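Written below as structure tokens is the structure these notes are about.
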Amino acid sequence: MPSGIGTNFSMRVLRVPAVLACLAISQLASAQTPSPLQEWQYSGGIILARLFQADLPTFRTIIGLASEAQPAYSGARAYRIEGGPVIDEYYRDVAFINTGDGIGYNFLRGDHYQVGVSVTYDLGRKMTQDYANLHGMGDISAAPVGKVFGSWVISRKLPLILRVDGRQFMGGAQGAVGDIAVYTPLPGSSQSFVMFAGPSVTLATRHYMQVLYGVTPQQSAASGHPVYEIAHDGNSAAGIGFSATKFIGQHWLLNLDCAYSEIRGKPSHSPILERADQRIAVLSVDYQL
């Protein structure tokens with residue numbers, strides 16, 4: 001935790017629980033497999049609302065529009081820019097529907113922790129996203145994704161948050177992915193301007209990494225890429241995320257989310273990988289009902 005973030009800072013930043021309730025970071029529904037965005041950025045700050053106000057509002061609704069720039073697919077050199085809606089609906093700290101985390105339920109809830117499950121959707125990967133590099137590799141189909149996650153904040157005086165999650169792909173990329181992350185409010189935050197940042201490490205099963213980054217003999221014959229086998233589970237990426245929210249009046253929010261992720265381990269040597277460092281920026285304008 002950077003120096004200067006103590007009790008007074010925490011109370012200044014987190015005095016208005018409704019502010020924290022708005023910090024479900026705005027995401028487009030078209031998240032790729034995997035996105036350079038850190039998993040904690042989908043719900044950064046939400047767990048702090050319960051810590052500073054036991055009686056949360058029954059419903060919290062945010063709608064808006066977002067634009068994002070990110071790699072065309074994981075490991076691509078080319079970038080794409082897309083726009084889409086933002087929908088965040090919360091029932092206390094019990095259930096939610098949003099364009100980042102999907103449809104979820106927190107089955108364990110406390111002042112310092114949340115544990116829950118959700119179902120979201122992955123759009124997979126199509127050869128047409130980069131025909132020159134992916135020709136002969138085949139498409140990775142879209143598929144639902146089941147997620148289990150947990151967050152724990154150390155204390156009111158030290159709002160450092162640990163988040164872990166695991167995602168199982170039910171089709172498409174298949175396999176499983178897990179993340180371990182730590183993030184915290186940054187100095188300079190206030191009631192009208194809140195910033196979060198933190199690192200994350202991603203682990204994945206061999207099957208998942210083989211589908212995304214491996215090359216089978218059949219794919220090699222069709223694409224010209226050399227055969228590439230991933231034999232073990234392991235680290236697939238590491239990165240850092242930054243999120244900032246500016247509150248304009250009582251209802252409007254301006255969100256900026258940036259992340260840097262580096263593909264690591266066996267995937268970083270894949271013949272279909274064009275660049276290991278991946279970046280993303282998401283800008284949204286939202287309205288809290």
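Identifiers for the structure tokens are assigned positionally: chains receive A, B, ... in sequence, residues are indexed from 1 per chain, and ligands are indexed from 1 in the order shown.
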| request: Could you find all residues in region 89-152 of chain A that DSSP calls strand (DSSP E) from the backbone, and write them as a ChimeraX atom specification? | output: /A:89-91,95-98,102-109,113-122,143-152
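Summary of the local environment: counting only C-alpha atoms, residues at most 9 Å from Val211 (chain A), other than itself and those fewer than 2 positions away along its chain, are Ile140, Gly172, Ala173, Gln174, Gly175, Arg206, His207, Tyr208, Met209, Tyr213, Gly214 and Val215 of chain A.
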Write out as a PDB file with N, CA and C atoms, in the first residue's frame the residues lying within 6 Å of region 99-115 of chain A, counting only C-alpha atoms and excluding same-chain residues fewer than 3 positions away.
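So the final result, stored in part-v5.pdb, reads:
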```
ATOM      1  N   GLN A  27     -17.935  -2.368 -19.088  1.00  0.00           N
ATOM      2  CA  GLN A  27     -17.301  -3.204 -20.101  1.00  0.00           C
ATOM      3  C   GLN A  27     -18.274  -3.486 -21.237  1.00  0.00           C
ATOM      4  N   ALA A  29     -19.906  -6.062 -23.982  1.00  0.00           N
ATOM      5  CA  ALA A  29     -20.287  -7.472 -23.898  1.00  0.00           C
ATOM      6  C   ALA A  29     -19.382  -8.366 -24.728  1.00  0.00           C
ATOM      7  N   TYR A  42     -13.619  -5.665 -13.613  1.00  0.00           N
ATOM      8  CA  TYR A  42     -15.045  -5.794 -13.886  1.00  0.00           C
ATOM      9  C   TYR A  42     -15.895  -5.364 -12.691  1.00  0.00           C
ATOM     10  N   ARG A  50     -19.983  -2.430   0.965  1.00  0.00           N
ATOM     11  CA  ARG A  50     -20.518  -3.123   2.140  1.00  0.00           C
ATOM     12  C   ARG A  50     -19.683  -2.818   3.387  1.00  0.00           C
ATOM     13  N   LEU A  51     -18.396  -2.651   3.222  1.00  0.00           N
ATOM     14  CA  LEU A  51     -17.519  -2.395   4.358  1.00  0.00           C
ATOM     15  C   LEU A  51     -17.845  -1.058   5.021  1.00  0.00           C
ATOM     16  N   ILE A  87     -24.544  -1.999 -19.095  1.00  0.00           N
ATOM     17  CA  ILE A  87     -25.704  -2.308 -18.252  1.00  0.00           C
ATOM     18  C   ILE A  87     -25.194  -2.920 -16.955  1.00  0.00           C
ATOM     19  N   VAL A  94     -26.151  -8.946  -3.208  1.00  0.00           N
ATOM     20  CA  VAL A  94     -26.581 -10.337  -3.323  1.00  0.00           C
ATOM     21  C   VAL A  94     -26.483 -10.846  -4.756  1.00  0.00           C
ATOM     22  N   ALA A  95     -27.032 -10.094  -5.711  1.00  0.00           N
ATOM     23  CA  ALA A  95     -27.102 -10.567  -7.096  1.00  0.00           C
ATOM     24  C   ALA A  95     -26.828  -9.412  -8.047  1.00  0.00           C
ATOM     25  N   PHE A  96     -26.440  -9.760  -9.278  1.00  0.00           N
ATOM     26  CA  PHE A  96     -26.115  -8.716 -10.247  1.00  0.00           C
ATOM     27  C   PHE A  96     -26.282  -9.236 -11.669  1.00  0.00           C
ATOM     28  N   SER A 118     -20.991 -16.824 -11.185  1.00  0.00           N
ATOM     29  CA  SER A 118     -21.666 -16.118 -12.266  1.00  0.00           C
ATOM     30  C   SER A 118     -21.525 -16.908 -13.556  1.00  0.00           C
ATOM     31  N   VAL A 119     -22.333 -16.544 -14.526  1.00  0.00           N
ATOM     32  CA  VAL A 119     -22.262 -17.112 -15.866  1.00  0.00           C
ATOM     33  C   VAL A 119     -22.136 -15.955 -16.843  1.00  0.00           C
ATOM     34  N   THR A 120     -21.109 -15.991 -17.663  1.00  0.00           N
ATOM     35  CA  THR A 120     -20.906 -14.966 -18.673  1.00  0.00           C
ATOM     36  C   THR A 120     -20.729 -15.638 -20.029  1.00  0.00           C
ATOM     37  N   PHE A 149     -15.723 -16.812  -7.839  1.00  0.00           N
ATOM     38  CA  PHE A 149     -14.802 -15.736  -7.478  1.00  0.00           C
ATOM     39  C   PHE A 149     -14.941 -15.392  -6.004  1.00  0.00           C
ATOM     40  N   GLY A 150     -13.899 -14.788  -5.471  1.00  0.00           N
ATOM     41  CA  GLY A 150     -13.925 -14.327  -4.095  1.00  0.00           C
ATOM     42  C   GLY A 150     -13.069 -13.090  -3.937  1.00  0.00           C
ATOM     43  N   SER A 151     -13.525 -12.143  -3.098  1.00  0.00           N
ATOM     44  CA  SER A 151     -12.783 -10.927  -2.822  1.00  0.00           C
ATOM     45  C   SER A 151     -12.712 -10.714  -1.321  1.00  0.00           C
ATOM     46  N   TRP A 152     -11.576 -10.198  -0.870  1.00  0.00           N
ATOM     47  CA  TRP A 152     -11.379  -9.942   0.548  1.00  0.00           C
ATOM     48  C   TRP A 152     -10.612  -8.646   0.718  1.00  0.00           C
ATOM     49  N   VAL A 153     -11.148  -7.724   1.510  1.00  0.00           N
ATOM     50  CA  VAL A 153     -10.481  -6.463   1.786  1.00  0.00           C
ATOM     51  C   VAL A 153      -9.905  -6.527   3.194  1.00  0.00           C
TER      52      VAL A 153
END
```
